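Quick look at protein-v6.txt (compact mmCIF, C-alpha atoms):
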```
# COMPACT_ATOMS: atom_id res chain seq x y z
CA MET A 1 18.86 -0.67 -19.70
CA ASP A 2 20.13 0.62 -16.40
CA GLU A 3 18.65 -1.42 -13.54
CA HIS A 4 17.69 1.62 -11.47
CA ARG A 5 15.89 3.25 -14.40
CA PHE A 6 14.11 -0.02 -15.14
CA PHE A 7 12.74 -0.30 -11.58
CA THR A 8 11.84 3.42 -11.41
CA GLU A 9 9.83 2.98 -14.62
CA ARG A 10 8.13 -0.01 -13.03
CA ALA A 11 7.20 2.16 -10.01
CA VAL A 12 5.59 4.67 -12.39
CA ALA A 13 3.73 1.81 -14.09
CA LEU A 14 2.44 0.77 -10.64
CA ALA A 15 1.15 4.32 -10.11
CA GLU A 16 -0.72 3.99 -13.40
CA GLU A 17 -2.16 0.63 -12.33
CA GLY A 18 -3.12 2.19 -9.02
CA ILE A 19 -5.05 5.08 -10.50
CA ALA A 20 -6.76 2.71 -12.94
CA SER A 21 -7.85 0.62 -9.93
CA GLY A 22 -9.30 3.53 -7.98
CA GLY A 23 -6.13 4.15 -5.94
CA GLY A 24 -4.04 7.29 -5.59
CA PRO A 25 -1.48 8.18 -8.31
CA PHE A 26 1.60 6.76 -6.62
CA GLY A 27 3.50 3.48 -6.98
CA ALA A 28 6.52 1.93 -5.26
CA LEU A 29 8.51 -1.27 -5.16
CA ILE A 30 11.35 -2.73 -3.11
CA THR A 31 14.20 -4.86 -4.37
CA LYS A 32 16.69 -7.10 -2.61
CA ASP A 33 19.70 -8.52 -4.50
CA GLY A 34 18.25 -7.08 -7.71
CA LYS A 35 14.90 -8.88 -7.39
CA ILE A 36 11.52 -7.29 -6.60
CA ILE A 37 10.22 -8.42 -3.19
CA ALA A 38 7.25 -6.01 -2.83
CA GLU A 39 5.12 -3.84 -5.12
CA ALA A 40 2.32 -1.48 -4.13
CA TRP A 41 0.24 1.50 -5.07
CA ASN A 42 -1.55 4.03 -2.92
CA ARG A 43 -4.75 2.74 -1.30
CA VAL A 44 -5.54 5.52 1.22
CA VAL A 45 -9.14 6.03 0.16
CA LEU A 46 -9.86 2.43 -0.88
CA SER A 47 -8.52 0.98 2.40
CA HIS A 48 -9.76 3.71 4.76
CA ASP A 49 -6.14 4.06 5.86
CA PRO A 50 -4.38 7.43 5.71
CA THR A 51 -1.03 5.63 6.04
CA ALA A 52 -1.60 3.40 2.97
CA HIS A 53 0.87 5.21 0.73
CA ALA A 54 2.64 3.10 -1.89
CA GLU A 55 5.99 3.19 -0.05
CA ILE A 56 4.48 2.34 3.37
CA ARG A 57 2.56 -0.57 1.89
CA ALA A 58 5.64 -1.84 0.03
CA ILE A 59 7.76 -1.59 3.22
CA ARG A 60 5.16 -3.49 5.27
CA MET A 61 4.91 -6.19 2.60
CA ALA A 62 8.68 -6.54 2.26
CA ALA A 63 9.14 -6.74 6.04
CA GLU A 64 6.43 -9.36 6.29
CA SER A 65 8.00 -11.41 3.49
CA LEU A 66 11.42 -11.25 5.21
CA SER A 67 9.89 -11.75 8.70
CA SER A 68 11.93 -8.79 9.92
CA HIS A 69 11.49 -5.11 10.65
CA ASP A 70 14.98 -4.61 9.23
CA LEU A 71 15.19 -4.06 5.46
CA SER A 72 18.88 -3.13 5.42
CA GLY A 73 20.36 -3.85 2.00
CA CYS A 74 17.06 -3.35 0.19
CA THR A 75 16.41 -0.55 -2.31
CA ILE A 76 13.15 1.34 -2.77
CA TYR A 77 11.87 2.81 -6.03
CA ALA A 78 8.94 5.24 -6.07
CA SER A 79 7.04 7.06 -8.79
CA CYS A 80 7.38 10.26 -6.74
CA GLU A 81 9.73 11.62 -4.09
CA PRO A 82 8.66 10.07 -0.77
CA CYS A 83 6.60 12.31 1.52
CA PRO A 84 7.88 12.86 5.09
CA MET A 85 5.82 9.93 6.41
CA CYS A 86 7.31 7.57 3.83
CA LEU A 87 10.79 9.03 4.18
CA GLY A 88 10.56 8.38 7.91
CA ALA A 89 9.43 4.81 7.26
CA ILE A 90 12.36 4.32 4.87
CA TYR A 91 14.85 5.41 7.54
CA TRP A 92 13.21 3.26 10.22
CA SER A 93 13.31 0.26 7.87
CA GLY A 94 17.06 0.59 7.34
CA ILE A 95 16.71 1.09 3.56
CA ARG A 96 19.59 3.36 2.52
CA SER A 97 18.97 3.71 -1.22
CA VAL A 98 15.99 5.54 -2.76
CA PHE A 99 15.16 6.26 -6.42
CA TYR A 100 12.17 8.35 -7.55
CA SER A 101 10.84 10.17 -10.60
CA CYS A 102 8.42 13.03 -9.79
CA THR A 103 9.16 15.53 -7.02
CA ARG A 104 7.30 16.94 -4.01
CA ILE A 105 6.58 20.01 -6.14
CA ASP A 106 4.90 17.87 -8.83
CA ALA A 107 2.81 16.25 -6.08
CA GLU A 108 1.87 19.65 -4.65
CA ASP A 109 0.83 20.80 -8.12
CA ALA A 110 -1.47 17.75 -8.28
CA GLY A 111 -3.13 18.82 -5.01
CA PHE A 112 -1.18 16.76 -2.46
CA SER A 113 0.24 17.92 0.89
CA ASP A 114 3.77 16.47 0.56
CA ASN A 115 5.50 19.82 0.30
CA LEU A 116 3.33 21.43 2.97
CA ILE A 117 4.25 18.63 5.40
CA TYR A 118 7.96 19.05 4.61
CA ARG A 119 7.64 22.75 5.44
CA GLU A 120 5.68 22.08 8.64
CA LEU A 121 8.22 19.50 9.87
CA MET A 122 11.02 22.01 9.66
CA LEU A 123 9.23 24.44 11.99
CA ASP A 124 9.34 24.48 15.75
CA PRO A 125 6.30 22.45 16.90
CA ALA A 126 4.71 25.58 18.41
CA ALA A 127 4.94 27.44 15.07
CA ARG A 128 3.03 24.91 12.95
CA GLN A 129 -0.44 25.24 11.39
CA SER A 130 -1.58 22.25 13.46
CA SER A 131 -1.43 22.44 17.24
CA PHE A 132 1.49 20.63 18.91
CA VAL A 133 1.46 20.95 22.70
CA ARG A 134 3.88 19.37 25.11
CA ILE A 135 2.46 18.24 28.45
CA ALA A 136 5.32 16.91 30.55
CA VAL A 137 3.98 13.92 32.48
CA THR A 138 5.77 13.04 35.72
CA GLY A 139 7.74 9.83 35.22
CA ALA A 140 7.36 9.71 31.44
CA GLU A 141 11.12 9.41 30.92
CA GLU A 142 11.09 6.36 33.21
CA VAL A 143 9.89 4.28 30.24
CA PHE A 144 13.03 5.25 28.32
CA ARG A 145 15.19 4.49 31.36
CA LYS A 146 13.69 0.99 31.51
CA TRP A 147 14.33 0.56 27.77
CA LYS A 148 17.96 1.64 28.07
CA ALA A 149 18.51 -0.71 31.02
CA ASP A 150 17.00 -3.74 29.25
CA GLU A 151 19.90 -5.77 27.89
CA THR A 152 17.64 -8.34 26.21
CA LYS A 153 15.90 -5.86 23.87
CA THR A 154 16.09 -5.87 20.09
CA LYS A 155 17.13 -2.38 19.01
CA TYR A 156 15.35 -0.85 16.04
CA MET B 1 -7.94 17.04 36.08
CA ASP B 2 -7.38 18.67 32.73
CA GLU B 3 -8.61 16.38 29.94
CA HIS B 4 -5.49 16.79 27.82
CA ARG B 5 -3.20 15.93 30.73
CA PHE B 6 -5.36 12.92 31.56
CA PHE B 7 -5.07 11.50 28.03
CA THR B 8 -1.34 12.29 27.79
CA GLU B 9 -0.82 10.36 31.04
CA ARG B 10 -2.79 7.50 29.53
CA ALA B 11 -0.47 7.53 26.47
CA VAL B 12 2.51 7.22 28.83
CA ALA B 13 0.76 4.34 30.62
CA LEU B 14 0.33 2.65 27.21
CA ALA B 15 4.08 3.03 26.61
CA GLU B 16 4.64 1.26 29.94
CA GLU B 17 2.22 -1.51 28.95
CA GLY B 18 4.01 -1.76 25.62
CA ILE B 19 7.45 -2.22 27.06
CA ALA B 20 6.10 -4.75 29.58
CA SER B 21 4.63 -6.69 26.61
CA GLY B 22 7.87 -6.77 24.62
CA GLY B 23 7.03 -3.69 22.53
CA GLY B 24 8.96 -0.45 22.10
CA PRO B 25 8.69 2.28 24.77
CA PHE B 26 6.05 4.41 23.07
CA GLY B 27 2.27 4.72 23.46
CA ALA B 28 -0.46 6.72 21.74
CA LEU B 29 -4.22 7.13 21.69
CA ILE B 30 -6.79 9.00 19.63
CA THR B 31 -9.93 10.68 20.91
CA LYS B 32 -13.04 11.91 19.15
CA ASP B 33 -15.58 14.04 21.01
CA GLY B 34 -13.64 13.44 24.21
CA LYS B 35 -13.79 9.64 23.98
CA ILE B 36 -10.92 7.25 23.21
CA ILE B 37 -11.40 5.52 19.84
CA ALA B 38 -7.96 3.89 19.47
CA GLU B 39 -5.06 2.96 21.74
CA ALA B 40 -1.74 1.43 20.74
CA TRP B 41 1.87 0.88 21.64
CA ASN B 42 4.90 0.32 19.47
CA ARG B 43 5.10 -3.17 17.94
CA VAL B 44 7.91 -2.73 15.36
CA VAL B 45 9.95 -5.73 16.44
CA LEU B 46 7.03 -7.91 17.57
CA SER B 47 5.10 -7.39 14.30
CA HIS B 48 8.06 -7.39 11.90
CA ASP B 49 6.78 -4.00 10.75
CA PRO B 50 9.07 -0.94 10.80
CA THR B 51 5.98 1.29 10.48
CA ALA B 52 4.26 -0.12 13.58
CA HIS B 53 4.87 2.92 15.76
CA ALA B 54 2.23 3.65 18.40
CA GLU B 55 0.82 6.68 16.50
CA ILE B 56 0.68 4.88 13.13
CA ARG B 57 -1.10 1.92 14.72
CA ALA B 58 -3.56 4.18 16.54
CA ILE B 59 -4.28 6.12 13.33
CA ARG B 60 -4.88 2.92 11.37
CA MET B 61 -7.19 1.58 14.08
CA ALA B 62 -9.13 4.84 14.38
CA ALA B 63 -9.56 5.10 10.59
CA GLU B 64 -10.75 1.51 10.45
CA SER B 65 -13.25 2.09 13.25
CA LEU B 66 -14.60 5.19 11.48
CA SER B 67 -14.43 3.53 8.02
CA SER B 68 -12.68 6.64 6.72
CA HIS B 69 -9.17 7.81 5.90
CA ASP B 70 -10.21 11.21 7.27
CA LEU B 71 -9.74 11.70 11.03
CA SER B 72 -10.52 15.44 11.01
CA GLY B 73 -11.76 16.54 14.41
CA CYS B 74 -9.85 13.82 16.26
CA THR B 75 -7.02 14.50 18.72
CA ILE B 76 -3.90 12.39 19.18
CA TYR B 77 -1.97 11.94 22.43
CA ALA B 78 1.49 10.35 22.45
CA SER B 79 3.98 9.48 25.16
CA CYS B 80 6.69 11.13 23.03
CA GLU B 81 6.86 13.78 20.32
CA PRO B 82 5.88 12.08 17.05
CA CYS B 83 8.77 11.15 14.75
CA PRO B 84 8.67 12.47 11.15
CA MET B 85 6.89 9.31 9.93
CA CYS B 86 4.16 9.68 12.53
CA LEU B 87 3.97 13.45 12.10
CA GLY B 88 3.42 12.89 8.38
CA ALA B 89 0.71 10.33 9.12
CA ILE B 90 -0.97 12.81 11.49
CA TYR B 91 -1.10 15.46 8.75
CA TRP B 92 -2.36 13.00 6.15
CA SER B 93 -5.09 11.85 8.56
CA GLY B 94 -6.41 15.37 9.03
CA ILE B 95 -5.75 15.35 12.80
CA ARG B 96 -4.93 18.94 13.76
CA SER B 97 -4.31 18.62 17.48
CA VAL B 98 -1.34 16.76 19.03
CA PHE B 99 -0.28 16.41 22.68
CA TYR B 100 2.88 14.64 23.82
CA SER B 101 5.17 14.29 26.84
CA CYS B 102 8.78 13.33 26.01
CA THR B 103 10.68 15.01 23.18
CA ARG B 104 12.70 13.88 20.15
CA ILE B 105 15.81 14.61 22.24
CA ASP B 106 14.66 12.23 25.00
CA ALA B 107 14.06 9.58 22.31
CA GLU B 108 17.50 10.18 20.82
CA ASP B 109 19.03 9.82 24.27
CA ALA B 110 17.30 6.42 24.53
CA GLY B 111 18.93 5.32 21.25
CA PHE B 112 16.19 6.13 18.72
CA SER B 113 16.58 7.85 15.34
CA ASP B 114 13.76 10.41 15.64
CA ASN B 115 16.04 13.44 15.82
CA LEU B 116 18.38 12.11 13.12
CA ILE B 117 15.44 11.68 10.75
CA TYR B 118 14.22 15.23 11.48
CA ARG B 119 17.68 16.51 10.58
CA GLU B 120 17.88 14.38 7.42
CA LEU B 121 14.45 15.53 6.20
CA MET B 122 15.51 19.15 6.33
CA LEU B 123 18.43 18.53 3.98
CA ASP B 124 18.38 18.57 0.22
CA PRO B 125 17.86 14.92 -0.86
CA ALA B 126 21.33 14.80 -2.41
CA ALA B 127 22.95 15.89 0.89
CA ARG B 128 21.53 13.14 3.09
CA GLN B 129 23.36 10.17 4.69
CA SER B 130 21.13 7.82 2.69
CA SER B 131 21.19 7.95 -1.10
CA PHE B 132 18.26 9.77 -2.77
CA VAL B 133 18.52 9.80 -6.56
CA ARG B 134 15.99 11.26 -8.96
CA ILE B 135 15.56 9.41 -12.26
CA ALA B 136 13.09 11.37 -14.38
CA VAL B 137 10.94 8.82 -16.22
CA THR B 138 9.34 9.99 -19.44
CA GLY B 139 5.61 10.39 -18.93
CA ALA B 140 5.71 10.06 -15.12
CA GLU B 141 3.81 13.34 -14.66
CA GLU B 142 1.04 11.95 -16.87
CA VAL B 143 -0.29 10.03 -13.83
CA PHE B 144 -0.73 13.32 -11.99
CA ARG B 145 -2.41 14.88 -15.04
CA LYS B 146 -4.90 12.01 -15.09
CA TRP B 147 -5.52 12.46 -11.36
CA LYS B 148 -6.12 16.20 -11.72
CA ALA B 149 -8.52 15.62 -14.62
CA ASP B 150 -10.56 12.97 -12.77
CA GLU B 151 -13.65 14.72 -11.40
CA THR B 152 -14.94 11.59 -9.64
CA LYS B 153 -11.93 11.18 -7.36
CA THR B 154 -11.96 11.42 -3.56
CA LYS B 155 -9.26 13.89 -2.59
CA TYR B 156 -7.06 13.00 0.37
```

Translate the structure of the given file into structure tokens.
Amino acid sequence: MDEHRFFTERAVALAEEGIASGGGPFGALITKDGKIIAEAWNRVVLSHDPTAHAEIRAIRMAAESLSSHDLSGCTIYASCEPCPMCLGAIYWSGIRSVFYSCTRIDAEDAGFSDNLIYRELMLDPAARQSSFVRIAVTGAEEVFRKWKADETKTKY
Amino acid sequence: MDEHRFFTERAVALAEEGIASGGGPFGALITKDGKIIAEAWNRVVLSHDPTAHAEIRAIRMAAESLSSHDLSGCTIYASCEPCPMCLGAIYWSGIRSVFYSCTRIDAEDAGFSDNLIYRELMLDPAARQSSFVRIAVTGAEEVFRKWKADETKTKY
């Protein structure tokens, strides 16, 4: 069987395990060199953690196991198209290859906000349903200037 | 002084504390009923956690302190416009009010991917720089059907 289909099916199986364990209906796993290095399902309600999506949890576990914030070269498989939070985490982690089965529309049909958040993100901050207000603080950019000038920093 | 400006200035001060402590140049805090319940700065490199942005850390801390995934009624203040990952986390947490100082363009100018990720999110998955491939697994939607049918679940 095709490797990518095999791991995507495993991500769906993790979603099933998750829902059977009182979690949300989403699963994800991360591979490196063709081997699974992290598996997770959604634990938002169980963990009292709104960020505990399957993909976020798998990314945190994989990074911990590699002792690095950089997961370049890894691949992520998810039972459903990653929401904007998880997609952002995937980019920040350096993962460049994503496979998924269900879509944001399937998730919306099941009562989840994935598609709403995609739509909100595309709007100008001032046009969103939630309130986004910029208050320009004097000297705020100074922090970025310090960062740019620091030659010892680890970029991420 | 205006309360929102006061807390936004505090978020910038947290970014300064962060960079002085070896963290990334971003800070955030969350208030409830006008009182700070969580403060954080970016610890991506220090923690080996690509998700350890200031906002994500503050959301996780606030949810833990309230023993709930639901932060409705809270307000978040950030030194910089939240990236797509953090914006997604804000929506999932139920926070409806966001204040920030610097913008995604300032962050991009300092070498960060915030603006790139915003642009990528808006594209069709197949058109992105990273590879997003859908593999439809037979029965994957069944997990969502089970979720919809479960009348004991906690929605999130």

Which one is closest to Glu9 of chain A: A:Thr51, A:Ala78, A:Arg57, A:Asp70? Count only C-alpha atoms.
-> A:Ala78

Proximity check chain A to chain B, 7 Å, nearest pairs one decimal Å, all atoms listed in the file, as a tab-separated table:
```
residue	atom	partner	partner_atom	distance
A:Arg5	CA	B:Ile135	CA	6.5
A:Glu9	CA	B:Val137	CA	6.2
A:Val12	CA	B:Ala140	CA	6.0
A:Ala15	CA	B:Val143	CA	7.0
A:Glu16	CA	B:Val143	CA	6.1
A:Pro25	CA	B:Val143	CA	5.9
A:Val44	CA	B:His69	CA	6.4
A:Val45	CA	B:His69	CA	6.0
A:His48	CA	B:His69	CA	4.3
A:Asp49	CA	B:His69	CA	4.8
A:Pro50	CA	B:His69	CA	4.8
A:Thr51	CA	B:Ala89	CA	5.9
A:Arg60	CA	B:Asp49	CA	5.7
A:Ala63	CA	B:Asp49	CA	5.9
A:Glu64	CA	B:His48	CA	6.2
A:Ser67	CA	B:His48	CA	5.7
A:Ser68	CA	B:His48	CA	4.6
A:His69	CA	B:His48	CA	4.3
A:Pro84	CA	B:Gly88	CA	5.5
A:Met85	CA	B:Met85	CA	3.7
A:Cys86	CA	B:Met85	CA	6.4
A:Leu87	CA	B:Met85	CA	7.0
A:Gly88	CA	B:Met85	CA	4.3
A:Ala89	CA	B:Met85	CA	5.8
A:Trp92	CA	B:Pro50	CA	5.9
A:Ser93	CA	B:Pro50	CA	5.3
A:Arg96	CA	B:Ser130	CA	4.7
A:Ser97	CA	B:Ser131	CA	4.8
A:Val98	CA	B:Phe132	CA	4.8
A:Phe99	CA	B:Val133	CA	4.9
A:Tyr100	CA	B:Arg134	CA	5.0
A:Ser101	CA	B:Ala136	CA	4.6
A:Cys102	CA	B:Ala140	CA	6.7
A:Ala110	CA	B:Phe144	CA	5.8
A:Ile117	CA	B:Gly88	CA	6.5
A:Met122	CA	B:Met122	CA	6.3
A:Ser130	CA	B:Arg96	CA	4.7
A:Ser131	CA	B:Ser97	CA	4.8
A:Phe132	CA	B:Val98	CA	4.8
A:Val133	CA	B:Phe99	CA	4.9
A:Arg134	CA	B:Tyr100	CA	5.0
A:Ile135	CA	B:Ser101	CA	5.1
A:Ala136	CA	B:Ser101	CA	4.5
A:Val137	CA	B:Ser101	CA	5.8
A:Ala140	CA	B:Val12	CA	6.0
A:Glu141	CA	B:Cys102	CA	6.7
A:Val143	CA	B:Pro25	CA	5.9
A:Phe144	CA	B:Ala110	CA	5.8
A:Trp147	CA	B:Pro25	CA	6.6
A:Lys148	CA	B:Ala110	CA	6.0
```

For the atom pair atom CA of Glu55 of chain B and atom CA of Ile37 of chain B, what is the interatomic distance in Å to one decimal place?
->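 Atom-to-atom, atom CA of Glu55 of chain B to atom CA of Ile37 of chain B, that is 12.7 Å.
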
Atom-to-atom span, atom CA of Lys32 of chain B and atom CA of Asp2 of chain B, Å =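 Answer for the atom CA of Lys32 of chain B to atom CA of Asp2 of chain B separation: 16.2 Å.
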
Separation of atom CA of Gly27 of chain B from atom CA of Asn42 of chain A, in Å and rounded to one decimal =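 It comes out at 26.7 Å.
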
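Each of A:Asn115, A:Ser72, A:Trp41, A:Arg104 was checked against Leu29 of chain A using all atoms listed in the file; the smallest atom-to-atom distance is that of A:Trp41.
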
Contacts of Lys35 of chain A within 10 Å, only C-alpha atoms, excl. fewer than 3 positions in-chain, as a CSV table (one decimal) with C-alpha atoms, keeping the file's coordinate frame:
```
chain,number,residue,atom,x,y,z
A,7,PHE,CA,12.7,-0.3,-11.6
A,30,ILE,CA,11.4,-2.7,-3.1
A,31,THR,CA,14.2,-4.9,-4.4
A,32,LYS,CA,16.7,-7.1,-2.6
A,38,ALA,CA,7.2,-6.0,-2.8
A,74,CYS,CA,17.1,-3.4,0.2
A,75,THR,CA,16.4,-0.6,-2.3
```
